[in-house]
file data.pdb (PDB, C-alpha atoms, pLDDT in the B column)
ATOM      1  CA  MET A   1     169.638 -53.152-105.511  1.00 41.00           C
ATOM      2  CA  THR A   2     171.414 -53.408-102.152  1.00 44.00           C
ATOM      3  CA  LYS A   3     173.895 -55.803-100.628  1.00 49.00           C
ATOM      4  CA  SER A   4     173.891 -57.318 -97.146  1.00 61.00           C
ATOM      5  CA  THR A   5     177.701 -57.002 -96.951  1.00 85.00           C
ATOM      6  CA  PRO A   6     179.069 -53.461 -97.358  1.00 94.00           C
ATOM      7  CA  THR A   7     181.328 -52.857-100.346  1.00 97.00           C
ATOM      8  CA  THR A   8     184.255 -50.435-100.404  1.00 98.00           C
ATOM      9  CA  PHE A   9     184.366 -48.135-103.413  1.00 98.00           C
ATOM     10  CA  VAL A  10     187.160 -45.793-104.492  1.00 98.00           C
ATOM     11  CA  LEU A  11     186.063 -43.342-107.187  1.00 98.00           C
ATOM     12  CA  VAL A  12     188.727 -41.423-109.119  1.00 98.00           C
ATOM     13  CA  HIS A  13     187.702 -38.311-111.030  1.00 98.00           C
ATOM     14  CA  GLY A  14     188.895 -37.072-114.404  1.00 98.00           C
ATOM     15  CA  ALA A  15     190.840 -34.070-115.667  1.00 98.00           C
ATOM     16  CA  TRP A  16     189.908 -30.617-114.316  1.00 98.00           C
ATOM     17  CA  HIS A  17     187.585 -32.174-111.737  1.00 98.00           C
ATOM     18  CA  GLY A  18     187.813 -33.146-108.081  1.00 98.00           C
ATOM     19  CA  GLY A  19     186.152 -35.461-105.613  1.00 98.00           C
ATOM     20  CA  TRP A  20     183.158 -33.116-105.677  1.00 98.00           C
ATOM     21  CA  VAL A  21     181.873 -34.677-108.912  1.00 98.00           C
ATOM     22  CA  TRP A  22     180.935 -37.886-107.043  1.00 98.00           C
ATOM     23  CA  GLN A  23     178.916 -36.230-104.264  1.00 98.00           C
ATOM     24  CA  THR A  24     175.435 -37.436-105.231  1.00 98.00           C
ATOM     25  CA  LEU A  25     176.629 -40.904-106.260  1.00 98.00           C
ATOM     26  CA  ALA A  26     178.635 -41.316-103.038  1.00 98.00           C
ATOM     27  CA  GLU A  27     175.725 -40.219-100.865  1.00 97.00           C
ATOM     28  CA  HIS A  28     173.445 -42.739-102.568  1.00 96.00           C
ATOM     29  CA  LEU A  29     175.896 -45.587-101.943  1.00 97.00           C
ATOM     30  CA  ARG A  30     176.566 -44.554 -98.356  1.00 97.00           C
ATOM     31  CA  GLU A  31     172.864 -44.418 -97.593  1.00 96.00           C
ATOM     32  CA  GLN A  32     172.814 -48.132 -98.428  1.00 94.00           C
ATOM     33  CA  GLY A  33     175.629 -48.898 -96.026  1.00 96.00           C
ATOM     34  CA  HIS A  34     178.661 -48.919 -98.309  1.00 97.00           C
ATOM     35  CA  ARG A  35     182.068 -47.284 -97.789  1.00 97.00           C
ATOM     36  CA  VAL A  36     182.921 -44.704-100.453  1.00 98.00           C
ATOM     37  CA  TYR A  37     186.122 -42.739-100.952  1.00 98.00           C
ATOM     38  CA  THR A  38     186.238 -39.865-103.430  1.00 98.00           C
ATOM     39  CA  PRO A  39     189.813 -38.534-103.311  1.00 98.00           C
ATOM     40  CA  THR A  40     190.844 -35.366-105.114  1.00 98.00           C
ATOM     41  CA  LEU A  41     194.103 -35.684-107.034  1.00 98.00           C
ATOM     42  CA  THR A  42     197.014 -33.370-106.255  1.00 98.00           C
ATOM     43  CA  GLY A  43     196.704 -29.905-107.780  1.00 98.00           C
ATOM     44  CA  LEU A  44     192.979 -30.109-108.546  1.00 98.00           C
ATOM     45  CA  GLY A  45     189.734 -29.120-106.858  1.00 98.00           C
ATOM     46  CA  GLU A  46     190.232 -28.218-103.207  1.00 98.00           C
ATOM     47  CA  LYS A  47     193.906 -29.152-103.694  1.00 98.00           C
ATOM     48  CA  SER A  48     194.374 -26.641-106.513  1.00 98.00           C
ATOM     49  CA  HIS A  49     196.666 -24.614-104.246  1.00 98.00           C
ATOM     50  CA  LEU A  50     199.180 -27.452-104.624  1.00 98.00           C
ATOM     51  CA  LEU A  51     199.443 -27.052-108.396  1.00 98.00           C
ATOM     52  CA  SER A  52     203.054 -27.171-109.564  1.00 96.00           C
ATOM     53  CA  GLU A  53     205.221 -28.146-112.519  1.00 95.00           C
ATOM     54  CA  ARG A  54     206.421 -31.204-110.551  1.00 97.00           C
ATOM     55  CA  ILE A  55     203.064 -33.005-110.660  1.00 98.00           C
ATOM     56  CA  ASN A  56     203.058 -35.931-113.078  1.00 98.00           C
ATOM     57  CA  LEU A  57     201.054 -39.100-113.668  1.00 98.00           C
ATOM     58  CA  ASP A  58     203.047 -40.942-111.018  1.00 98.00           C
ATOM     59  CA  THR A  59     201.947 -38.284-108.501  1.00 98.00           C
ATOM     60  CA  PHE A  60     198.308 -39.109-109.213  1.00 98.00           C
ATOM     61  CA  ILE A  61     198.894 -42.852-108.987  1.00 98.00           C
ATOM     62  CA  THR A  62     200.697 -42.415-105.672  1.00 98.00           C
ATOM     63  CA  ASP A  63     197.765 -40.312-104.384  1.00 98.00           C
ATOM     64  CA  ILE A  64     195.509 -43.351-104.708  1.00 98.00           C
ATOM     65  CA  VAL A  65     198.050 -45.981-103.634  1.00 98.00           C
ATOM     66  CA  ASN A  66     198.620 -43.970-100.463  1.00 98.00           C
ATOM     67  CA  LEU A  67     194.868 -43.749 -99.846  1.00 98.00           C
ATOM     68  CA  PHE A  68     194.733 -47.557 -99.904  1.00 98.00           C
ATOM     69  CA  LYS A  69     197.695 -47.753 -97.516  1.00 98.00           C
ATOM     70  CA  TRP A  70     196.615 -45.203 -94.929  1.00 98.00           C
ATOM     71  CA  GLU A  71     192.951 -46.237 -94.940  1.00 98.00           C
ATOM     72  CA  ASN A  72     193.891 -49.942 -94.962  1.00 98.00           C
ATOM     73  CA  LEU A  73     191.643 -50.663 -97.939  1.00 98.00           C
ATOM     74  CA  ASN A  74     191.102 -54.166 -99.330  1.00 98.00           C
ATOM     75  CA  ASP A  75     188.634 -55.905-101.638  1.00 98.00           C
ATOM     76  CA  VAL A  76     187.943 -52.549-103.315  1.00 98.00           C
ATOM     77  CA  VAL A  77     185.833 -51.743-106.345  1.00 98.00           C
ATOM     78  CA  LEU A  78     188.087 -49.169-108.014  1.00 98.00           C
ATOM     79  CA  LEU A  79     186.584 -46.863-110.629  1.00 98.00           C
ATOM     80  CA  GLY A  80     188.287 -44.265-112.790  1.00 98.00           C
ATOM     81  CA  HIS A  81     186.410 -41.773-114.941  1.00 98.00           C
ATOM     82  CA  SER A  82     187.959 -40.201-118.045  1.00 98.00           C
ATOM     83  CA  PHE A  83     191.590 -39.255-117.228  1.00 98.00           C
ATOM     84  CA  GLY A  84     191.139 -41.192-113.990  1.00 98.00           C
ATOM     85  CA  GLY A  85     191.395 -44.343-116.078  1.00 98.00           C
ATOM     86  CA  LEU A  86     195.127 -43.742-116.439  1.00 98.00           C
ATOM     87  CA  VAL A  87     195.403 -43.384-112.685  1.00 98.00           C
ATOM     88  CA  ILE A  88     193.636 -46.617-111.820  1.00 98.00           C
ATOM     89  CA  SER A  89     195.656 -48.430-114.502  1.00 98.00           C
ATOM     90  CA  GLY A  90     198.772 -47.524-112.542  1.00 98.00           C
ATOM     91  CA  VAL A  91     197.189 -48.398-109.200  1.00 98.00           C
ATOM     92  CA  ALA A  92     196.101 -51.825-110.463  1.00 98.00           C
ATOM     93  CA  ASP A  93     199.636 -52.414-111.722  1.00 98.00           C
ATOM     94  CA  ARG A  94     201.086 -51.737-108.257  1.00 98.00           C
ATOM     95  CA  ILE A  95     198.592 -53.156-105.741  1.00 98.00           C
ATOM     96  CA  PRO A  96     196.234 -55.616-107.506  1.00 98.00           C
ATOM     97  CA  GLU A  97     195.895 -57.681-104.325  1.00 98.00           C
ATOM     98  CA  HIS A  98     193.799 -54.890-102.788  1.00 98.00           C
ATOM     99  CA  ILE A  99     191.322 -54.644-105.678  1.00 98.00           C
ATOM    100  CA  ARG A 100     188.209 -56.738-106.292  1.00 97.00           C
ATOM    101  CA  GLN A 101     187.025 -55.095-109.508  1.00 98.00           C
ATOM    102  CA  LEU A 102     188.428 -52.497-111.871  1.00 98.00           C
ATOM    103  CA  ILE A 103     185.956 -50.192-113.640  1.00 98.00           C
ATOM    104  CA  PHE A 104     186.810 -47.785-116.413  1.00 98.00           C
ATOM    105  CA  LEU A 105     184.064 -45.212-116.945  1.00 98.00           C
ATOM    106  CA  ASP A 106     184.474 -43.724-120.419  1.00 98.00           C
ATOM    107  CA  SER A 107     188.148 -43.648-119.543  1.00 98.00           C
ATOM    108  CA  PHE A 108     191.360 -42.862-121.300  1.00 97.00           C
ATOM    109  CA  LEU A 109     193.588 -45.901-121.701  1.00 98.00           C
ATOM    110  CA  LEU A 110     197.291 -46.016-122.466  1.00 97.00           C
ATOM    111  CA  GLU A 111     199.681 -48.854-123.083  1.00 95.00           C
ATOM    112  CA  ASN A 112     202.974 -49.145-121.252  1.00 97.00           C
ATOM    113  CA  GLY A 113     205.400 -46.347-122.090  1.00 97.00           C
ATOM    114  CA  GLN A 114     202.796 -44.033-123.594  1.00 97.00           C
ATOM    115  CA  SER A 115     201.821 -40.553-122.450  1.00 97.00           C
ATOM    116  CA  ALA A 116     198.528 -38.805-123.130  1.00 96.00           C
ATOM    117  CA  PHE A 117     200.414 -36.404-125.406  1.00 97.00           C
ATOM    118  CA  ASP A 118     201.766 -39.370-127.395  1.00 95.00           C
ATOM    119  CA  THR A 119     198.221 -40.097-128.585  1.00 92.00           C
ATOM    120  CA  LEU A 120     197.727 -36.602-130.020  1.00 92.00           C
ATOM    121  CA  PRO A 121     199.041 -35.019-133.235  1.00 92.00           C
ATOM    122  CA  GLU A 122     202.224 -33.006-132.720  1.00 95.00           C
ATOM    123  CA  LYS A 123     200.507 -29.762-133.711  1.00 95.00           C
ATOM    124  CA  ALA A 124     197.742 -30.364-131.153  1.00 94.00           C
ATOM    125  CA  VAL A 125     200.312 -30.940-128.410  1.00 95.00           C
ATOM    126  CA  GLU A 126     202.153 -27.736-129.295  1.00 96.00           C
ATOM    127  CA  LYS A 127     198.878 -25.816-129.230  1.00 96.00           C
ATOM    128  CA  LEU A 128     198.040 -27.160-125.774  1.00 96.00           C
ATOM    129  CA  LYS A 129     201.504 -26.315-124.471  1.00 96.00           C
ATOM    130  CA  ASN A 130     201.179 -22.774-125.812  1.00 97.00           C
ATOM    131  CA  ILE A 131     197.793 -22.362-124.130  1.00 96.00           C
ATOM    132  CA  ALA A 132     199.256 -23.639-120.862  1.00 97.00           C
ATOM    133  CA  ALA A 133     202.167 -21.218-121.145  1.00 96.00           C
ATOM    134  CA  THR A 134     199.898 -18.278-121.890  1.00 96.00           C
ATOM    135  CA  GLN A 135     197.172 -18.939-119.332  1.00 96.00           C
ATOM    136  CA  CYS A 136     198.705 -21.075-116.561  1.00 96.00           C
ATOM    137  CA  ASN A 137     202.431 -20.266-116.432  1.00 95.00           C
ATOM    138  CA  GLY A 138     203.142 -23.472-118.305  1.00 95.00           C
ATOM    139  CA  MET A 139     202.002 -25.608-115.374  1.00 97.00           C
ATOM    140  CA  ALA A 140     198.495 -26.633-116.389  1.00 98.00           C
ATOM    141  CA  LEU A 141     195.846 -26.915-119.052  1.00 98.00           C
ATOM    142  CA  PRO A 142     192.919 -24.551-118.440  1.00 97.00           C
ATOM    143  CA  ALA A 143     189.505 -26.155-118.158  1.00 97.00           C
ATOM    144  CA  PRO A 144     187.361 -26.235-121.297  1.00 96.00           C
ATOM    145  CA  ARG A 145     183.748 -25.093-121.348  1.00 97.00           C
ATOM    146  CA  PRO A 146     181.590 -27.635-119.464  1.00 98.00           C
ATOM    147  CA  VAL A 147     179.463 -28.406-122.524  1.00 97.00           C
ATOM    148  CA  LEU A 148     182.589 -29.747-124.252  1.00 97.00           C
ATOM    149  CA  LEU A 149     182.931 -32.312-121.461  1.00 97.00           C
ATOM    150  CA  GLY A 150     179.390 -33.590-121.909  1.00 97.00           C
ATOM    151  CA  TYR A 151     177.559 -31.371-119.419  1.00 97.00           C
ATOM    152  CA  PRO A 152     174.093 -30.034-120.290  1.00 96.00           C
ATOM    153  CA  ASP A 153     174.246 -26.766-122.196  1.00 95.00           C
ATOM    154  CA  ASP A 154     172.118 -24.728-119.820  1.00 94.00           C
ATOM    155  CA  GLU A 155     173.029 -21.599-117.919  1.00 96.00           C
ATOM    156  CA  SER A 156     172.633 -23.030-114.421  1.00 95.00           C
ATOM    157  CA  THR A 157     174.749 -26.139-115.015  1.00 96.00           C
ATOM    158  CA  THR A 158     177.390 -24.224-116.935  1.00 96.00           C
ATOM    159  CA  LYS A 159     177.749 -21.668-114.144  1.00 96.00           C
ATOM    160  CA  THR A 160     177.932 -24.324-111.435  1.00 97.00           C
ATOM    161  CA  ILE A 161     180.441 -26.582-113.169  1.00 98.00           C
ATOM    162  CA  ALA A 162     182.610 -23.793-114.545  1.00 97.00           C
ATOM    163  CA  GLY A 163     183.038 -22.555-110.981  1.00 97.00           C
ATOM    164  CA  LEU A 164     184.330 -25.955-109.855  1.00 98.00           C
ATOM    165  CA  LEU A 165     186.659 -26.975-112.679  1.00 98.00           C
ATOM    166  CA  THR A 166     190.326 -26.134-112.130  1.00 98.00           C
ATOM    167  CA  PRO A 167     193.409 -26.139-114.385  1.00 98.00           C
ATOM    168  CA  HIS A 168     194.854 -29.632-114.876  1.00 98.00           C
ATOM    169  CA  PRO A 169     198.593 -30.271-114.262  1.00 98.00           C
ATOM    170  CA  ILE A 170     200.214 -30.529-117.695  1.00 98.00           C
ATOM    171  CA  GLY A 171     202.889 -32.884-116.402  1.00 98.00           C
ATOM    172  CA  THR A 172     200.299 -35.647-116.124  1.00 98.00           C
ATOM    173  CA  TYR A 173     199.727 -35.416-119.879  1.00 98.00           C
ATOM    174  CA  ALA A 174     203.449 -35.293-120.699  1.00 97.00           C
ATOM    175  CA  SER A 175     204.616 -38.127-118.429  1.00 97.00           C
ATOM    176  CA  LYS A 176     204.428 -41.741-119.515  1.00 97.00           C
ATOM    177  CA  LEU A 177     202.386 -44.507-117.916  1.00 98.00           C
ATOM    178  CA  GLU A 178     204.772 -47.161-116.643  1.00 97.00           C
ATOM    179  CA  LEU A 179     203.248 -50.622-116.357  1.00 98.00           C
ATOM    180  CA  HIS A 180     205.049 -53.782-115.296  1.00 98.00           C
ATOM    181  CA  HIS A 181     202.076 -56.000-116.089  1.00 97.00           C
ATOM    182  CA  PRO A 182     199.432 -56.100-118.833  1.00 97.00           C
ATOM    183  CA  LEU A 183     196.818 -53.346-118.721  1.00 98.00           C
ATOM    184  CA  GLY A 184     194.340 -54.274-115.996  1.00 98.00           C
ATOM    185  CA  ASN A 185     196.851 -56.648-114.385  1.00 98.00           C
ATOM    186  CA  TYR A 186     194.600 -59.711-114.777  1.00 97.00           C
ATOM    187  CA  LEU A 187     191.885 -58.232-112.560  1.00 98.00           C
ATOM    188  CA  PRO A 188     188.174 -58.438-113.424  1.00 98.00           C
ATOM    189  CA  VAL A 189     187.619 -55.375-115.629  1.00 98.00           C
ATOM    190  CA  THR A 190     184.517 -53.627-116.920  1.00 98.00           C
ATOM    191  CA  TYR A 191     184.745 -50.745-119.363  1.00 98.00           C
ATOM    192  CA  TYR A 192     181.670 -48.505-119.585  1.00 98.00           C
ATOM    193  CA  LYS A 193     181.450 -46.692-122.898  1.00 98.00           C
ATOM    194  CA  CYS A 194     179.234 -43.592-122.851  1.00 98.00           C
ATOM    195  CA  THR A 195     177.394 -43.284-126.148  1.00 96.00           C
ATOM    196  CA  ASN A 196     174.950 -40.362-125.946  1.00 95.00           C
ATOM    197  CA  PRO A 197     176.913 -38.742-127.425  1.00 95.00           C
ATOM    198  CA  VAL A 198     180.327 -40.376-127.799  1.00 95.00           C
ATOM    199  CA  TYR A 199     183.090 -38.205-126.335  1.00 96.00           C
ATOM    200  CA  ASP A 200     185.543 -38.048-129.214  1.00 95.00           C
ATOM    201  CA  PRO A 201     188.760 -37.737-127.128  1.00 94.00           C
ATOM    202  CA  VAL A 202     188.225 -41.245-125.693  1.00 96.00           C
ATOM    203  CA  ALA A 203     187.231 -42.919-128.973  1.00 94.00           C
ATOM    204  CA  GLN A 204     190.754 -44.295-129.367  1.00 94.00           C
ATOM    205  CA  SER A 205     190.535 -45.747-125.870  1.00 97.00           C
ATOM    206  CA  HIS A 206     187.223 -47.412-126.710  1.00 96.00           C
ATOM    207  CA  THR A 207     189.059 -49.260-129.467  1.00 96.00           C
ATOM    208  CA  LEU A 208     191.881 -50.274-127.137  1.00 97.00           C
ATOM    209  CA  ALA A 209     189.396 -51.528-124.541  1.00 97.00           C
ATOM    210  CA  LYS A 210     187.781 -53.840-127.103  1.00 96.00           C
ATOM    211  CA  LYS A 211     191.163 -55.443-127.778  1.00 96.00           C
ATOM    212  CA  GLN A 212     191.674 -56.475-124.149  1.00 96.00           C
ATOM    213  CA  GLN A 213     191.104 -60.145-123.530  1.00 94.00           C
ATOM    214  CA  GLY A 214     188.481 -60.911-120.893  1.00 96.00           C
ATOM    215  CA  TRP A 215     187.248 -57.354-120.412  1.00 98.00           C
ATOM    216  CA  SER A 216     183.520 -56.699-120.270  1.00 97.00           C
ATOM    217  CA  ILE A 217     182.491 -53.777-122.495  1.00 97.00           C
ATOM    218  CA  VAL A 218     179.143 -52.152-121.653  1.00 97.00           C
ATOM    219  CA  LYS A 219     177.463 -49.251-123.444  1.00 97.00           C
ATOM    220  CA  LEU A 220     175.795 -46.524-121.385  1.00 97.00           C
ATOM    221  CA  PRO A 221     173.185 -44.189-122.917  1.00 96.00           C
ATOM    222  CA  THR A 222     174.722 -41.148-121.206  1.00 97.00           C
ATOM    223  CA  SER A 223     177.146 -38.373-122.044  1.00 97.00           C
ATOM    224  CA  HIS A 224     180.757 -38.301-120.842  1.00 98.00           C
ATOM    225  CA  ALA A 225     179.582 -36.340-117.781  1.00 98.00           C
ATOM    226  CA  ALA A 226     177.721 -39.348-116.366  1.00 98.00           C
ATOM    227  CA  PRO A 227     179.070 -38.951-112.777  1.00 98.00           C
ATOM    228  CA  PHE A 228     177.196 -35.646-112.593  1.00 97.00           C
ATOM    229  CA  THR A 229     174.225 -36.295-114.875  1.00 97.00           C
ATOM    230  CA  HIS A 230     173.400 -39.946-114.003  1.00 97.00           C
ATOM    231  CA  PRO A 231     174.669 -40.688-110.475  1.00 98.00           C
ATOM    232  CA  HIS A 232     171.826 -43.023-109.548  1.00 96.00           C
ATOM    233  CA  LEU A 233     172.238 -45.086-112.722  1.00 96.00           C
ATOM    234  CA  LEU A 234     175.928 -45.473-111.947  1.00 97.00           C
ATOM    235  CA  ALA A 235     175.183 -46.379-108.339  1.00 96.00           C
ATOM    236  CA  ASP A 236     172.892 -49.181-109.445  1.00 95.00           C
ATOM    237  CA  LEU A 237     175.566 -50.471-111.818  1.00 95.00           C
ATOM    238  CA  LEU A 238     178.225 -50.367-109.105  1.00 95.00           C
ATOM    239  CA  LEU A 239     176.068 -52.361-106.735  1.00 93.00           C
ATOM    240  CA  SER A 240     176.200 -55.298-109.143  1.00 88.00           C
ATOM    241  CA  PHE A 241     179.874 -55.911-108.332  1.00 86.00           C
TER     242      PHE A 241
END
call {"tool": "encode", "arguments": {"input": "data.pdb", "output": "structure tokens"}}
result
Amino acid sequence: MTKSTPTTFVLVHGAWHGGWVWQTLAEHLREQGHRVYTPTLTGLGEKSHLLSERINLDTFITDIVNLFKWENLNDVVLLGHSFGGLVISGVADRIPEHIRQLIFLDSFLLENGQSAFDTLPEKAVEKLKNIAATQCNGMALPAPRPVLLGYPDDESTTKTIAGLLTPHPIGTYASKLELHHPLGNYLPVTYYKCTNPVYDPVAQSHTLAKKQQGWSIVKLPTSHAAPFTHPHLLADLLLSF
């Protein structure tokens, strides 16, 4: 499906990733005449040299708000995958007038005043902090094995993805999401729930998404790694907005 009028898309990646994860999807959309931005959040991917203990969730949100400002973006379809869902929640809270549609792709969701660590058992948080201290000078959470993120368990994929994942700033898990409006800020919202298989860390967010009034909840027969494994399916879905 194509559109006669170009659409502007902003695609926000998840934890440990970078803008690279959208390459095939972005190329497919651009070939059909659409504008696509795939920013990498501070401290990750090709910006991993900027990793520091000062990076928090507000840093990520400001990354995207500034992209809108400097690129003069309006009427945007804004998508956040996995941890990127927290980022676009904050962006929608600040600049809803620039957004046409909000899309959560198997995303984490938080309510106002919550941090990602608040949703985990205390012992799990302490374990993660110890791992960060041991392996990343306390600044970041090391990337898990790709298969644990929903990638195919084959040697080629594992080698490729493992070479691209980077430690994720721990401050973004510890800092709280500050919202001044209801989650989604009254924008049109679609939440895509990946079901083959379900990614357990976002199961709690699936439940929260169902509680949101007016949200469209759609099941996808893909793993959590859909941006990499099913880019053309996602492109077709995006072109419906």
call {"tool": "resolve_selection", "arguments": {"input": "data.pdb", "expression": "the PyMOL selection byres ((chain A and resi 99) around 9)", "output": "ChimeraX atom specification"}}
result
/A:73-78,92,95-98,100-102,187
call {"tool": "atom_distance", "arguments": {"input": "data.pdb", "atom1": "CA of Ser115 in chain A", "atom2": "CA of Ala174 in chain A"}}
result
5.8 Å
call {"tool": "closest_atom_pairs", "arguments": {"input": "data.pdb", "of": "range 72-107 of chain A", "to": "range 216-222 of chain A", "cutoff": "10 Å", "atoms": "only C-alpha atoms", "output": "JSON lines"}}
result
{"residue": "A:Ile103", "atom": "CA", "partner": "A:Ser216", "partner_atom": "CA", "distance": 9.6}
{"residue": "A:Phe104", "atom": "CA", "partner": "A:Ile217", "partner_atom": "CA", "distance": 9.6}
{"residue": "A:Leu105", "atom": "CA", "partner": "A:Leu220", "partner_atom": "CA", "distance": 9.5}
{"residue": "A:Asp106", "atom": "CA", "partner": "A:Leu220", "partner_atom": "CA", "distance": 9.2}
call {"tool": "residues_around", "arguments": {"input": "data.pdb", "residues": "range 40-43 of chain A", "least_positions_apart": "5", "cutoff": "9 Å", "atoms": "only C-alpha atoms", "output": "MDAnalysis selection string"}}
result
chainID A and resid 12:13 17:20 48:52 55 59:61 63:64 166:169
call {"tool": "atom_distance", "arguments": {"input": "data.pdb", "atom1": "CA of Trp16 in chain A", "atom2": "CA of Ala235 in chain A"}}
result
22.4 Å
call {"tool": "atom_distance", "arguments": {"input": "data.pdb", "atom1": "CA of Arg94 in chain A", "atom2": "CA of Ser82 in chain A"}}
result
20.0 Å
call {"tool": "residues_around", "arguments": {"input": "data.pdb", "residues": "Asn112 in chain A", "least_positions_apart": "4", "cutoff": "8 Å", "atoms": "only C-alpha atoms", "output": "ChimeraX atom specification"}}
result
/A:176-180,183
call {"tool": "closest_residue", "arguments": {"input": "data.pdb", "among": "A:Thr38, A:Trp215, A:Gln114, A:Ser107", "to": "Cys194 in chain A", "atoms": "all atoms listed in the file"}}
result
A:Ser107
call {"tool": "resolve_selection", "arguments": {"input": "data.pdb", "expression": "the PyMOL selection byres ((chain A and resi 35) around 7)", "output": "number ranges by chain"}}
result
A: 6-9, 30, 33-34, 36-37
call {"tool": "residues_around", "arguments": {"input": "data.pdb", "residues": "Arg145 in chain A", "least_positions_apart": "6", "cutoff": "12 Å", "atoms": "all atoms listed in the file", "output": "list in words"}}
result
Trp16, Tyr151, Pro152, Asp153, Asp154, Glu155, Thr157, Thr158, Lys159, Thr160, Ile161, Ala162, Gly163, Leu164, Leu165, Thr166 and Pro167 of chain A
call {"tool": "closest_residue", "arguments": {"input": "data.pdb", "among": "A:Pro144, A:Gly113, A:Pro39, A:Pro188", "to": "Gly90 in chain A", "atoms": "all atoms listed in the file"}}
result
A:Gly113
call {"tool": "build_atoms", "arguments": {"input": "data.pdb", "residues": "range 38-52 of chain A", "atoms": "N, CA and C atoms", "output": "tab-separated table (two decimals), in the coordinates of the input"}}
result
chain	number	residue	atom	x	y	z
A	38	THR	N	186.23	-40.69	-102.22
A	38	THR	CA	186.24	-39.86	-103.43
A	38	THR	C	187.42	-38.89	-103.37
A	39	PRO	N	188.63	-39.40	-103.45
A	39	PRO	CA	189.81	-38.53	-103.31
A	39	PRO	C	189.93	-37.53	-104.44
A	40	THR	N	190.50	-36.37	-104.11
A	40	THR	CA	190.84	-35.37	-105.11
A	40	THR	C	192.34	-35.46	-105.38
A	41	LEU	N	192.71	-35.53	-106.65
A	41	LEU	CA	194.10	-35.68	-107.03
A	41	LEU	C	194.87	-34.38	-106.82
A	42	THR	N	196.16	-34.51	-106.58
A	42	THR	CA	197.01	-33.37	-106.26
A	42	THR	C	196.96	-32.29	-107.33
A	43	GLY	N	196.71	-31.05	-106.88
A	43	GLY	CA	196.70	-29.90	-107.78
A	43	GLY	C	195.35	-29.54	-108.36
A	44	LEU	N	194.32	-30.32	-108.00
A	44	LEU	CA	192.98	-30.11	-108.55
A	44	LEU	C	191.97	-29.84	-107.43
A	45	GLY	N	190.80	-29.33	-107.82
A	45	GLY	CA	189.73	-29.12	-106.86
A	45	GLY	C	190.20	-28.37	-105.63
A	46	GLU	N	189.86	-28.88	-104.46
A	46	GLU	CA	190.23	-28.22	-103.21
A	46	GLU	C	191.73	-28.32	-102.93
A	47	LYS	N	192.45	-29.07	-103.78
A	47	LYS	CA	193.91	-29.15	-103.69
A	47	LYS	C	194.58	-28.33	-104.80
A	48	SER	N	193.83	-27.44	-105.40
A	48	SER	CA	194.37	-26.64	-106.51
A	48	SER	C	195.51	-25.73	-106.06
A	49	HIS	N	195.57	-25.44	-104.76
A	49	HIS	CA	196.67	-24.61	-104.25
A	49	HIS	C	198.00	-25.35	-104.29
A	50	LEU	N	197.96	-26.65	-104.55
A	50	LEU	CA	199.18	-27.45	-104.62
A	50	LEU	C	199.68	-27.61	-106.06
A	51	LEU	N	199.04	-26.95	-107.00
A	51	LEU	CA	199.44	-27.05	-108.40
A	51	LEU	C	200.91	-26.65	-108.57
A	52	SER	N	201.65	-27.49	-109.29
A	52	SER	CA	203.05	-27.17	-109.56
A	52	SER	C	203.50	-27.91	-110.81
